[in-house]
>>> print(open('upload-v4.cif').read())   # mmCIF, C-alpha atoms (C1' of nucleotides)
data_run
loop_
_atom_site.label_atom_id
_atom_site.label_comp_id
_atom_site.auth_asym_id
_atom_site.auth_seq_id
_atom_site.Cartn_x
_atom_site.Cartn_y
_atom_site.Cartn_z
CA MET F 1 10.81 -39.97 -16.99
CA SER F 2 7.61 -41.24 -15.51
CA THR F 3 5.85 -41.41 -18.83
CA THR F 4 2.74 -43.19 -17.85
CA THR F 5 1.04 -42.18 -21.06
CA ALA F 6 0.03 -44.63 -23.72
CA SER F 7 2.81 -46.67 -25.22
CA ASP F 8 2.02 -45.63 -28.79
CA GLN F 9 3.01 -42.11 -27.91
CA LEU F 10 6.59 -43.09 -27.51
CA LEU F 11 7.42 -42.58 -31.16
CA VAL F 12 5.12 -39.73 -32.02
CA ARG F 13 5.55 -36.95 -29.53
CA PRO F 14 2.42 -34.92 -29.16
CA LYS F 15 3.13 -31.60 -30.77
CA ARG F 16 1.54 -28.49 -29.55
CA ALA F 17 -1.53 -27.37 -31.43
CA ASP F 18 0.02 -24.17 -32.74
CA ALA F 19 3.05 -26.08 -33.91
CA ARG F 20 0.97 -28.50 -35.91
CA ARG F 21 -1.01 -25.66 -37.37
CA ASN F 22 2.07 -23.76 -38.43
CA TYR F 23 3.64 -26.83 -39.91
CA GLU F 24 0.68 -27.20 -42.21
CA LYS F 25 0.56 -23.52 -43.01
CA VAL F 26 4.17 -23.51 -44.09
CA LEU F 27 3.78 -26.65 -46.14
CA SER F 28 0.81 -25.38 -48.05
CA ALA F 29 2.30 -21.95 -48.52
CA ALA F 30 5.38 -23.62 -49.93
CA ARG F 31 3.40 -25.81 -52.26
CA GLU F 32 1.49 -22.82 -53.51
CA ALA F 33 4.56 -20.67 -53.90
CA PHE F 34 6.53 -23.27 -55.78
CA LEU F 35 3.70 -23.99 -58.10
CA GLU F 36 2.80 -20.51 -59.07
CA GLY F 37 6.04 -18.70 -58.50
CA GLY F 38 9.49 -19.53 -59.62
CA GLU F 39 11.45 -22.47 -58.37
CA ASP F 40 13.70 -20.10 -56.55
CA THR F 41 11.18 -18.61 -54.20
CA SER F 42 13.00 -17.67 -51.05
CA LEU F 43 12.21 -19.26 -47.75
CA GLU F 44 11.55 -15.83 -46.33
CA GLU F 45 8.84 -15.35 -48.91
CA ILE F 46 7.31 -18.67 -48.03
CA ALA F 47 7.36 -17.83 -44.35
CA ARG F 48 5.67 -14.54 -45.07
CA ARG F 49 2.98 -16.21 -47.15
CA ALA F 50 2.39 -18.68 -44.38
CA GLY F 51 2.13 -15.86 -41.91
CA VAL F 52 4.87 -17.18 -39.68
CA GLY F 53 8.32 -15.98 -38.79
CA ILE F 54 11.34 -17.31 -40.57
CA GLY F 55 12.47 -18.86 -37.33
CA THR F 56 9.30 -20.92 -37.19
CA LEU F 57 9.79 -22.15 -40.67
CA TYR F 58 13.25 -23.32 -39.77
CA ARG F 59 12.02 -24.96 -36.62
CA HIS F 60 9.88 -27.25 -38.72
CA PHE F 61 12.17 -27.66 -41.69
CA PRO F 62 15.84 -27.43 -40.82
CA ASN F 63 16.72 -26.32 -44.33
CA ARG F 64 15.40 -25.73 -47.78
CA GLN F 65 15.99 -29.28 -48.80
CA ALA F 66 13.94 -30.65 -45.92
CA LEU F 67 10.99 -28.53 -46.92
CA LEU F 68 11.17 -29.75 -50.48
CA GLU F 69 11.42 -33.31 -49.33
CA ALA F 70 8.36 -32.93 -47.15
CA LEU F 71 6.40 -31.56 -50.09
CA TYR F 72 7.70 -34.28 -52.32
CA ALA F 73 7.07 -37.27 -50.12
CA GLY F 74 3.32 -37.33 -50.46
CA GLU F 75 3.36 -36.97 -54.19
CA VAL F 76 5.88 -39.67 -54.77
CA GLU F 77 3.88 -42.08 -52.74
CA GLU F 78 0.81 -41.39 -54.79
CA LEU F 79 2.79 -41.87 -57.95
CA SER F 80 4.15 -45.12 -56.67
CA ARG F 81 0.75 -46.43 -55.76
CA SER F 82 -0.43 -45.77 -59.27
CA ALA F 83 1.82 -48.60 -60.38
CA ALA F 84 -0.48 -51.15 -58.81
CA GLU F 85 -3.34 -50.57 -61.20
CA LEU F 86 -1.04 -51.21 -64.13
CA ASP F 87 -0.66 -54.84 -63.26
CA ALA F 88 -3.48 -55.76 -65.56
CA LYS F 89 -1.81 -54.33 -68.64
CA GLU F 90 0.70 -55.88 -70.95
CA PRO F 91 4.18 -55.85 -69.46
CA TRP F 92 5.55 -53.32 -71.90
CA ASP F 93 2.57 -51.03 -71.74
CA ALA F 94 2.58 -51.09 -67.99
CA LEU F 95 6.19 -50.11 -67.78
CA SER F 96 6.11 -47.37 -70.34
CA LEU F 97 2.83 -46.00 -69.08
CA TRP F 98 4.22 -45.72 -65.63
CA PHE F 99 7.20 -43.78 -66.82
CA GLU F 100 4.99 -41.58 -68.89
CA ARG F 101 3.05 -40.72 -65.79
CA PHE F 102 6.26 -40.00 -64.03
CA ILE F 103 7.33 -37.60 -66.72
CA ALA F 104 3.94 -35.98 -66.72
CA TYR F 105 4.24 -35.54 -63.01
CA LEU F 106 7.61 -33.93 -63.36
CA ALA F 107 6.19 -31.60 -65.97
CA THR F 108 3.40 -30.42 -63.73
CA LYS F 109 5.68 -29.75 -60.86
CA ARG F 110 8.53 -28.48 -62.90
CA ALA F 111 9.73 -26.03 -60.30
CA LEU F 112 9.50 -28.52 -57.53
CA ALA F 113 11.05 -31.26 -59.59
CA GLY F 114 13.93 -29.09 -60.65
CA GLU F 115 14.82 -28.24 -57.11
CA LEU F 116 14.48 -31.80 -56.00
CA LEU F 117 16.60 -33.20 -58.73
CA ASN F 118 19.20 -30.63 -57.88
CA TYR F 119 19.36 -31.74 -54.33
CA MET F 120 19.13 -35.37 -55.25
CA ASP F 121 22.34 -34.80 -57.07
CA LYS F 122 24.45 -33.99 -54.13
CA ASP F 123 22.64 -35.39 -51.19
CA ALA F 124 20.96 -38.60 -52.06
CA PRO F 125 20.51 -40.03 -48.56
CA LEU F 126 17.78 -37.58 -47.83
CA PHE F 127 15.78 -39.09 -50.64
CA ALA F 128 16.28 -42.63 -49.57
CA ALA F 129 12.63 -43.05 -48.67
CA SER F 130 11.31 -41.61 -51.90
CA ARG F 131 13.75 -43.56 -53.93
CA ALA F 132 12.84 -46.74 -52.16
CA SER F 133 9.22 -46.06 -52.84
CA MET F 134 9.88 -45.55 -56.52
CA PHE F 135 11.88 -48.74 -56.68
CA ALA F 136 9.24 -50.71 -54.90
CA ALA F 137 6.67 -49.58 -57.39
CA GLY F 138 8.60 -49.55 -60.62
CA GLU F 139 11.11 -52.33 -60.36
CA PRO F 140 8.52 -55.10 -60.51
CA LEU F 141 7.17 -53.58 -63.68
CA LEU F 142 10.61 -53.72 -65.20
CA LYS F 143 11.27 -57.26 -64.04
CA ARG F 144 7.99 -58.40 -65.49
CA ALA F 145 8.74 -56.80 -68.81
CA GLN F 146 12.18 -58.33 -68.86
CA GLU F 147 10.86 -61.77 -68.04
CA ALA F 148 8.31 -61.42 -70.77
CA GLY F 149 11.18 -60.76 -73.12
CA VAL F 150 10.03 -57.33 -74.22
CA VAL F 151 12.81 -55.42 -72.53
CA ARG F 152 16.51 -56.07 -72.86
CA PRO F 153 17.89 -57.84 -69.81
CA ASP F 154 20.98 -55.70 -69.38
CA VAL F 155 19.35 -52.72 -67.73
CA GLU F 156 18.63 -51.98 -64.14
CA PHE F 157 15.78 -50.01 -62.78
CA GLY F 158 17.96 -47.36 -61.20
CA GLU F 159 19.52 -46.60 -64.54
CA ILE F 160 16.23 -46.12 -66.23
CA LEU F 161 14.97 -43.98 -63.42
CA GLN F 162 17.91 -41.67 -63.76
CA MET F 163 17.60 -41.57 -67.49
CA VAL F 164 13.96 -40.66 -67.26
CA MET F 165 14.64 -38.06 -64.65
CA GLY F 166 17.31 -36.52 -66.81
CA ILE F 167 14.91 -36.27 -69.69
CA GLY F 168 12.20 -34.94 -67.48
CA LYS F 169 14.40 -32.33 -66.02
CA ILE F 170 15.10 -30.72 -69.33
CA PRO F 171 12.95 -27.66 -69.67
CA THR F 172 11.12 -27.49 -72.93
CA ALA F 173 8.61 -25.06 -74.23
CA ASP F 174 6.63 -27.94 -75.62
CA PRO F 175 5.75 -30.78 -73.26
CA ALA F 176 4.98 -32.99 -76.21
CA GLN F 177 8.62 -32.86 -77.12
CA THR F 178 9.64 -34.18 -73.76
CA GLU F 179 7.20 -37.00 -74.16
CA HIS F 180 8.60 -37.76 -77.55
CA MET F 181 12.10 -37.96 -76.18
CA LEU F 182 10.94 -40.23 -73.43
CA ARG F 183 9.30 -42.57 -75.88
CA ILE F 184 12.45 -42.75 -77.93
CA ALA F 185 14.60 -43.39 -74.93
CA LEU F 186 12.27 -46.07 -73.68
CA ASP F 187 12.24 -47.67 -77.09
CA GLY F 188 15.92 -48.13 -76.52
CA LEU F 189 14.96 -50.54 -73.80
CA ARG F 190 13.53 -52.96 -76.26
CA TYR F 191 16.08 -52.67 -78.94
CA ARG F 192 17.60 -55.96 -80.03
CA PRO F 193 20.89 -55.98 -81.81
CA GLN F 194 19.58 -58.82 -83.95
CA ASP F 195 22.21 -58.47 -86.67
CA MET L 1 24.28 -15.29 -96.82
CA SER L 2 27.26 -14.42 -94.71
CA THR L 3 28.31 -11.62 -92.43
CA THR L 4 30.54 -8.90 -93.68
CA THR L 5 34.01 -9.67 -92.55
CA ALA L 6 35.11 -6.07 -92.68
CA SER L 7 32.56 -4.89 -90.18
CA ASP L 8 33.68 -7.55 -87.77
CA GLN L 9 36.75 -5.52 -87.03
CA LEU L 10 34.66 -2.59 -86.00
CA LEU L 11 33.56 -4.50 -82.97
CA VAL L 12 37.04 -5.43 -81.86
CA ARG L 13 38.49 -2.27 -80.39
CA PRO L 14 42.10 -2.37 -79.37
CA LYS L 15 42.04 -3.13 -75.71
CA ARG L 16 44.66 -1.93 -73.34
CA ALA L 17 47.43 -4.33 -72.55
CA ASP L 18 46.56 -4.74 -68.91
CA ALA L 19 42.95 -5.34 -69.80
CA ARG L 20 43.85 -8.13 -72.16
CA ARG L 21 46.15 -9.64 -69.58
CA ASN L 22 43.54 -9.57 -66.87
CA TYR L 23 40.92 -11.02 -69.13
CA GLU L 24 43.10 -14.04 -69.67
CA LYS L 25 44.03 -14.30 -66.02
CA VAL L 26 40.41 -14.38 -64.99
CA LEU L 27 39.50 -16.89 -67.64
CA SER L 28 42.22 -19.32 -66.70
CA ALA L 29 41.63 -18.88 -63.00
CA ALA L 30 37.99 -19.65 -63.61
CA ARG L 31 38.77 -22.73 -65.66
CA GLU L 32 41.08 -23.98 -62.97
CA ALA L 33 38.69 -23.23 -60.15
CA PHE L 34 35.73 -24.88 -61.82
CA LEU L 35 37.70 -27.95 -62.66
CA GLU L 36 39.26 -28.59 -59.31
CA GLY L 37 36.81 -26.92 -57.00
CA GLY L 38 33.11 -27.22 -56.81
CA GLU L 39 30.74 -25.96 -59.41
CA ASP L 40 29.67 -23.28 -57.03
CA THR L 41 32.94 -21.49 -56.67
CA SER L 42 32.17 -17.86 -56.02
CA LEU L 43 33.20 -15.17 -58.41
CA GLU L 44 35.04 -13.48 -55.59
CA GLU L 45 37.16 -16.57 -55.18
CA ILE L 46 37.90 -16.61 -58.87
CA ALA L 47 38.88 -12.97 -58.82
CA ARG L 48 41.18 -13.62 -55.91
CA ARG L 49 42.80 -16.54 -57.66
CA ALA L 50 43.31 -14.42 -60.74
CA GLY L 51 44.83 -11.72 -58.61
CA VAL L 52 42.39 -9.06 -59.71
CA GLY L 53 39.65 -7.15 -57.98
CA ILE L 54 36.08 -8.25 -58.21
CA GLY L 55 35.31 -5.10 -60.12
CA THR L 56 37.77 -6.07 -62.80
CA LEU L 57 36.24 -9.47 -63.16
CA TYR L 58 32.88 -7.87 -63.71
CA ARG L 59 34.30 -5.42 -66.20
CA HIS L 60 35.22 -8.33 -68.42
CA PHE L 61 32.32 -10.61 -67.69
CA PRO L 62 29.13 -8.79 -66.84
CA ASN L 63 27.81 -11.75 -64.86
CA ARG L 64 28.49 -15.31 -63.88
CA GLN L 65 26.77 -16.63 -66.93
CA ALA L 66 28.95 -14.63 -69.26
CA LEU L 67 32.07 -16.04 -67.69
CA LEU L 68 30.77 -19.57 -68.08
CA GLU L 69 29.86 -18.92 -71.66
CA ALA L 70 33.32 -17.61 -72.42
CA LEU L 71 34.88 -20.71 -70.95
CA TYR L 72 32.47 -22.90 -72.79
CA ALA L 73 32.73 -21.39 -76.23
CA GLY L 74 36.16 -22.71 -77.01
CA GLU L 75 35.40 -26.20 -75.90
CA VAL L 76 32.20 -26.49 -77.82
CA GLU L 77 33.89 -25.45 -80.96
CA GLU L 78 36.51 -28.10 -80.53
CA LEU L 79 33.83 -30.67 -79.91
CA SER L 80 31.99 -29.58 -82.99
CA ARG L 81 35.07 -29.79 -85.13
CA SER L 82 35.58 -33.36 -84.02
CA ALA L 83 32.49 -34.27 -86.01
CA ALA L 84 34.36 -33.76 -89.23
CA GLU L 85 36.69 -36.68 -88.79
CA LEU L 86 33.73 -38.97 -88.28
CA ASP L 87 32.64 -38.61 -91.87
CA ALA L 88 34.57 -41.67 -92.84
CA LYS L 89 32.71 -43.94 -90.48
CA GLU L 90 29.43 -45.75 -90.95
CA PRO L 91 26.47 -43.42 -90.49
CA TRP L 92 25.31 -45.00 -87.28
CA ASP L 93 28.74 -45.28 -85.77
CA ALA L 94 29.52 -41.70 -86.62
CA LEU L 95 26.41 -40.41 -84.95
CA SER L 96 26.66 -42.46 -81.81
CA LEU L 97 30.36 -41.90 -81.46
CA TRP L 98 29.86 -38.21 -81.63
CA PHE L 99 27.28 -38.26 -78.90
CA GLU L 100 29.49 -40.47 -76.83
CA ARG L 101 32.19 -37.89 -77.08
CA PHE L 102 29.73 -35.27 -76.08
CA ILE L 103 28.78 -37.21 -73.00
CA ALA L 104 32.39 -37.82 -72.18
CA TYR L 105 33.01 -34.14 -72.48
CA LEU L 106 30.18 -33.36 -70.14
CA ALA L 107 31.57 -35.85 -67.67
CA THR L 108 35.00 -34.27 -67.66
CA LYS L 109 33.66 -30.85 -67.10
CA ARG L 110 30.86 -31.85 -64.86
CA ALA L 111 30.95 -28.70 -62.80
CA LEU L 112 31.11 -26.49 -65.81
CA ALA L 113 28.50 -28.45 -67.65
CA GLY L 114 26.12 -28.41 -64.73
CA GLU L 115 26.28 -24.67 -64.47
CA LEU L 116 25.92 -24.21 -68.16
CA LEU L 117 22.96 -26.47 -68.47
CA ASN L 118 21.37 -24.62 -65.63
CA TYR L 119 21.70 -21.35 -67.39
CA MET L 120 20.78 -22.81 -70.70
CA ASP L 121 17.50 -23.65 -69.11
CA LYS L 122 16.37 -20.18 -68.47
CA ASP L 123 18.35 -18.05 -70.81
CA ALA L 124 18.90 -19.82 -74.06
CA PRO L 125 19.69 -16.81 -76.25
CA LEU L 126 23.08 -16.47 -74.70
CA PHE L 127 23.91 -19.90 -75.99
CA ALA L 128 22.73 -19.30 -79.48
CA ALA L 129 26.24 -19.46 -80.87
CA SER L 130 27.17 -22.65 -79.09
CA ARG L 131 23.92 -24.26 -80.00
CA ALA L 132 24.35 -23.29 -83.60
CA SER L 133 27.79 -24.76 -83.59
CA MET L 134 26.51 -28.02 -82.20
CA PHE L 135 23.76 -28.15 -84.77
CA ALA L 136 26.14 -27.43 -87.61
CA ALA L 137 28.32 -30.31 -86.53
CA GLY L 138 25.81 -32.88 -85.41
CA GLU L 139 22.79 -32.41 -87.58
CA PRO L 140 24.48 -33.64 -90.75
CA LEU L 141 25.47 -36.78 -88.92
CA LEU L 142 21.87 -37.38 -88.01
CA LYS L 143 20.59 -36.66 -91.48
CA ARG L 144 23.08 -39.04 -92.96
CA ALA L 145 22.07 -41.79 -90.56
CA GLN L 146 18.42 -41.19 -91.29
CA GLU L 147 18.95 -41.28 -95.03
CA ALA L 148 20.88 -44.48 -94.65
CA GLY L 149 17.83 -45.87 -92.90
CA VAL L 150 19.57 -46.70 -89.66
CA VAL L 151 17.79 -44.07 -87.61
CA ARG L 152 14.08 -43.55 -87.36
CA PRO L 153 12.96 -40.56 -89.41
CA ASP L 154 10.69 -39.01 -86.81
CA VAL L 155 13.35 -37.39 -84.66
CA GLU L 156 14.98 -34.04 -84.86
CA PHE L 157 18.45 -33.16 -83.88
CA GLY L 158 17.40 -30.70 -81.23
CA GLU L 159 15.44 -33.35 -79.46
CA ILE L 160 18.30 -35.75 -79.34
CA LEU L 161 20.62 -33.06 -78.15
CA GLN L 162 18.37 -32.27 -75.26
CA MET L 163 17.90 -35.90 -74.46
CA VAL L 164 21.62 -36.47 -74.39
CA MET L 165 22.19 -33.39 -72.32
CA GLY L 166 19.61 -34.55 -69.84
CA ILE L 167 21.33 -37.88 -69.49
CA GLY L 168 24.71 -36.23 -69.27
CA LYS L 169 23.60 -33.88 -66.62
CA ILE L 170 22.68 -36.60 -64.23
CA PRO L 171 25.45 -37.00 -61.75
CA THR L 172 26.49 -40.56 -61.23
CA ALA L 173 29.21 -42.06 -59.16
CA ASP L 174 30.03 -44.36 -62.02
CA PRO L 175 30.63 -42.76 -65.43
CA ALA L 176 30.15 -46.12 -67.07
CA GLN L 177 26.55 -46.05 -66.01
CA THR L 178 25.98 -42.77 -67.76
CA GLU L 179 27.46 -44.21 -70.89
CA HIS L 180 25.23 -47.22 -70.59
CA MET L 181 22.17 -45.03 -70.34
CA LEU L 182 23.27 -43.06 -73.33
CA ARG L 183 23.70 -46.19 -75.38
CA ILE L 184 20.23 -47.36 -74.44
CA ALA L 185 18.67 -44.04 -75.24
CA LEU L 186 20.47 -43.86 -78.55
CA ASP L 187 19.35 -47.36 -79.37
CA GLY L 188 15.89 -45.96 -79.16
CA LEU L 189 16.76 -43.95 -82.22
CA ARG L 190 16.97 -47.04 -84.32
CA TYR L 191 14.05 -48.89 -82.92
CA ARG L 192 11.51 -49.99 -85.47
CA PRO L 193 7.99 -50.63 -84.33
CA GLN L 194 8.15 -53.60 -86.71
CA ASP L 195 7.23 -55.95 -83.85
"C1'" DT Y 1 -4.09 -20.03 -11.65
"C1'" DA Y 2 0.54 -20.78 -12.07
"C1'" DC Y 3 4.39 -22.76 -14.09
"C1'" DG Y 4 7.42 -25.42 -17.00
"C1'" DA Y 5 7.96 -27.03 -21.56
"C1'" DT Y 6 7.30 -25.88 -26.16
"C1'" DA Y 7 7.10 -22.97 -29.91
"C1'" DC Y 8 7.36 -18.33 -31.98
"C1'" DG Y 9 9.67 -14.54 -34.46
"C1'" DG Y 10 12.93 -11.60 -36.14
"C1'" DA Y 11 17.49 -9.48 -35.59
"C1'" DG Y 12 21.72 -10.42 -37.31
"C1'" DG Y 13 25.94 -13.14 -39.05
"C1'" DG Y 14 27.83 -15.01 -43.07
"C1'" DT Y 15 27.93 -15.55 -48.11
"C1'" DC Y 16 27.09 -14.33 -52.68
"C1'" DC Y 17 26.12 -11.51 -56.84
"C1'" DC Y 18 26.66 -7.35 -58.76
"C1'" DT Y 19 27.11 -1.90 -59.00
"C1'" DC Y 20 29.29 2.37 -58.37
"C1'" DC Y 21 32.80 5.43 -58.33
"C1'" DG Y 22 37.22 7.33 -56.76
"C1'" DT Y 23 41.92 6.06 -58.04
"C1'" DT Y 24 45.50 4.24 -60.99
"C1'" DT Y 25 47.61 3.16 -65.36
"C1'" DG Y 26 48.42 2.65 -70.29
"C1'" DT Y 27 48.67 5.15 -74.58
"C1'" DC Y 28 49.67 8.62 -77.67
"C1'" DA Y 29 50.22 13.19 -79.45
"C1'" DA Y 30 53.08 17.03 -78.87
"C1'" DT V 1 60.01 12.73 -72.49
"C1'" DT V 2 56.00 14.50 -70.81
"C1'" DG V 3 51.37 15.52 -69.95
"C1'" DA V 4 46.59 14.61 -70.47
"C1'" DC V 5 42.79 11.71 -70.84
"C1'" DA V 6 40.33 7.69 -71.86
"C1'" DA V 7 40.47 3.08 -70.24
"C1'" DA V 8 40.81 0.00 -66.71
"C1'" DC V 9 41.33 -1.20 -61.84
"C1'" DG V 10 39.68 -2.45 -57.20
"C1'" DG V 11 36.98 -2.83 -53.34
"C1'" DA V 12 33.34 -0.86 -50.39
"C1'" DG V 13 28.78 -1.60 -50.02
"C1'" DG V 14 23.71 -2.54 -51.41
"C1'" DG V 15 20.56 -6.07 -51.77
"C1'" DA V 16 19.13 -10.90 -51.50
"C1'" DC V 17 19.44 -15.18 -49.44
"C1'" DC V 18 20.23 -19.01 -46.05
"C1'" DC V 19 20.34 -20.14 -41.58
"C1'" DT V 20 21.22 -19.47 -36.18
"C1'" DC V 21 20.35 -17.70 -31.76
"C1'" DC V 22 17.81 -16.36 -28.07
"C1'" DG V 23 14.52 -13.42 -25.65
"C1'" DT V 24 9.50 -13.59 -25.62
"C1'" DA V 25 4.90 -15.53 -26.04
"C1'" DT V 26 1.84 -19.40 -25.82
"C1'" DC V 27 0.14 -24.01 -24.72
"C1'" DG V 28 -1.09 -27.65 -21.71
"C1'" DT V 29 -1.30 -29.36 -17.33
"C1'" DA V 30 -1.32 -29.80 -12.18
#
>>> encode(input="upload-v4.cif", output="structure tokens")
Amino acid sequence: MSTTTASDQLLVRPKRADARRNYEKVLSAAREAFLEGGEDTSLEEIARRAGVGIGTLYRHFPNRQALLEALYAGEVEELSRSAAELDAKEPWDALSLWFERFIAYLATKRALAGELLNYMDKDAPLFAASRASMFAAGEPLLKRAQEAGVVRPDVEFGEILQMVMGIGKIPTADPAQTEHMLRIALDGLRYRPQD
Amino acid sequence: MSTTTASDQLLVRPKRADARRNYEKVLSAAREAFLEGGEDTSLEEIARRAGVGIGTLYRHFPNRQALLEALYAGEVEELSRSAAELDAKEPWDALSLWFERFIAYLATKRALAGELLNYMDKDAPLFAASRASMFAAGEPLLKRAQEAGVVRPDVEFGEILQMVMGIGKIPTADPAQTEHMLRIALDGLRYRPQD
DNA sequence: TACGATACGGAGGGTCCCTCCGTTTGTCAA
DNA sequence: TTGACAAACGGAGGGACCCTCCGTATCGTA
């Protein structure tokens, strides 16, 4: 254990060049396959597209879920970052716009999203990072809207997130319909039982 | 226009006694298995529980989907019928109560519902009957609420149904949370952009 | 160059859905 | 009651998929 190498290498083990290359090949083959093909593309098919053996695929991604998660991670982060630029807008607009983007994102990556949501169902811990990222980005928007009095105070961010995901997960021929449903559901956030 | 009742009998050929018996055995074994076990109980397991061969199961239900549909049909009808007794209530209460029952139903039969919704996604035609039944029961409730002015006029029943299904499909540790989300989403139905 | 660590790849085990077809059983006319 | 035949049964097995295991090839370094 005479690791005299640089200290920063302790966490990130230097992978072999071919390993790094194959990792990327699999990832991009998977992205491509999920986008164009069905959501149920087999891992064997993905390995073939990537030009690697199935064993190699599994070396990098211990199971289907892990591969999905790896694909997902980058996108979620991007989505989360996009919350920052909404700070300038009105509290309500910021919140609803962000969710609209989220839905739009789900729509684009329907196949991917479907799979992910499926796994999210039964094995949440794997998505802890992504979830945390979503919370970090979206929760402040909600809080701001609630403090501004434009959103009812009795809702939590997690609830809304799940609601929106549920709506987004529904496959519809017409994307506009999904957006319509989202808008209605979000309007529920500002309903006041004034009676 | 209505279907000729006489011709209906042409479709129902007298089945052999053992066939009828096995049909029921499979159906009840499936119901039991899906309720207690996971949603991914294999058809082989169901056949074993029913005490029939896998071939027999497939004779009666050409595929997994068909079995689910058969299980589902009865329940949906019951749910639909329950709309009738809501006529006496206030338009809004009737509508929201009915959807609450729907959600509750989905919660009870989570496994079943999950499977069904999955199949509904990609192969709607099979569910034409069930869908029609839901529409027949629920759409009048919506219309009534809209005419009474307690629900925004720019929504269609199909949309709401999908929205509710999406929310219902989300697995949550706490059923109360699902109900909360439903209530929020439904409140969106009566939001007025009156500001 | 030589050698150990690392990574590759695909055969194969286990599971599942569904089909096919030889065998069994219910039904009914004689 | 009996015999014959359509109807129904049951399970072996094909095909697809996920994932594991391990002998082989390759990389990086001394």
>>> resolve_selection(input="upload-v4.cif", expression="the PyMOL selection byres ((chain L) within 7 of (chain V))", output="list in words")
Ala19, Gly53, Ile54, Gly55 and Thr56 of chain L
>>> resolve_selection(input="upload-v4.cif", expression="the PyMOL selection byres ((chain Y) within 12 of (chain F))", output="MDAnalysis selection string")
chainID Y and resid 5:11
>>> closest_atom_pairs(input="upload-v4.cif", of="chain L", to="chain F", cutoff="6 Å", atoms="all atoms listed in the file", output="Markdown table")
| residue | atom | partner | partner_atom | distance |
| --- | --- | --- | --- | --- |
| L:Met163 | CA | F:Ile167 | CA | 5.6 |
| L:Gly166 | CA | F:Gly166 | CA | 4.3 |
| L:Ile167 | CA | F:Gly166 | CA | 5.0 |
| L:Ile170 | CA | F:Gly166 | CA | 6.0 |
| L:Ile184 | CA | F:Gly188 | CA | 4.8 |
| L:Ala185 | CA | F:Ala185 | CA | 4.1 |
| L:Asp187 | CA | F:Gly188 | CA | 4.5 |
| L:Gly188 | CA | F:Gly188 | CA | 3.4 |
| L:Tyr191 | CA | F:Tyr191 | CA | 5.9 |
>>> atom_distance(input="upload-v4.cif", atom1="atom CA of L:Ala47", atom2="atom CA of L:Arg64")
11.8 Å
>>> residues_around(input="upload-v4.cif", residues="F:Thr41", least_positions_apart="3", cutoff="12 Å", atoms="only C-alpha atoms (C1' of nucleotides)", output="compact mmCIF listing (two decimals) with C-alpha atoms (C1' of nucleotides), in the frame of the given file")
# COMPACT_ATOMS: atom_id res chain seq x y z
CA ALA F 29 2.30 -21.95 -48.52
CA ALA F 30 5.38 -23.62 -49.93
CA ARG F 31 3.40 -25.81 -52.26
CA GLU F 32 1.49 -22.82 -53.51
CA ALA F 33 4.56 -20.67 -53.90
CA PHE F 34 6.53 -23.27 -55.78
CA LEU F 35 3.70 -23.99 -58.10
CA GLU F 36 2.80 -20.51 -59.07
CA GLY F 37 6.04 -18.70 -58.50
CA GLY F 38 9.49 -19.53 -59.62
CA GLU F 44 11.55 -15.83 -46.33
CA GLU F 45 8.84 -15.35 -48.91
CA ILE F 46 7.31 -18.67 -48.03
CA ALA F 47 7.36 -17.83 -44.35
CA ARG F 48 5.67 -14.54 -45.07
CA ARG F 49 2.98 -16.21 -47.15
CA ARG F 64 15.40 -25.73 -47.78
CA LEU F 68 11.17 -29.75 -50.48
CA ALA F 111 9.73 -26.03 -60.30
CA LEU F 112 9.50 -28.52 -57.53
CA GLU F 115 14.82 -28.24 -57.11
C1' DA V 16 19.13 -10.90 -51.50
C1' DC V 17 19.44 -15.18 -49.44
>>> atom_distance(input="upload-v4.cif", atom1="atom C1' of Y:DG12", atom2="atom CA of F:Ala66")
23.3 Å
>>> atom_distance(input="upload-v4.cif", atom1="atom CA of L:Tyr72", atom2="atom CA of L:Ala136")
16.7 Å
>>> resolve_selection(input="upload-v4.cif", expression="the PyMOL selection byres ((chain Y and resi 16) around 8)", output="list in words")
Ser42 of chain L; DT15 and DC17 of chain Y
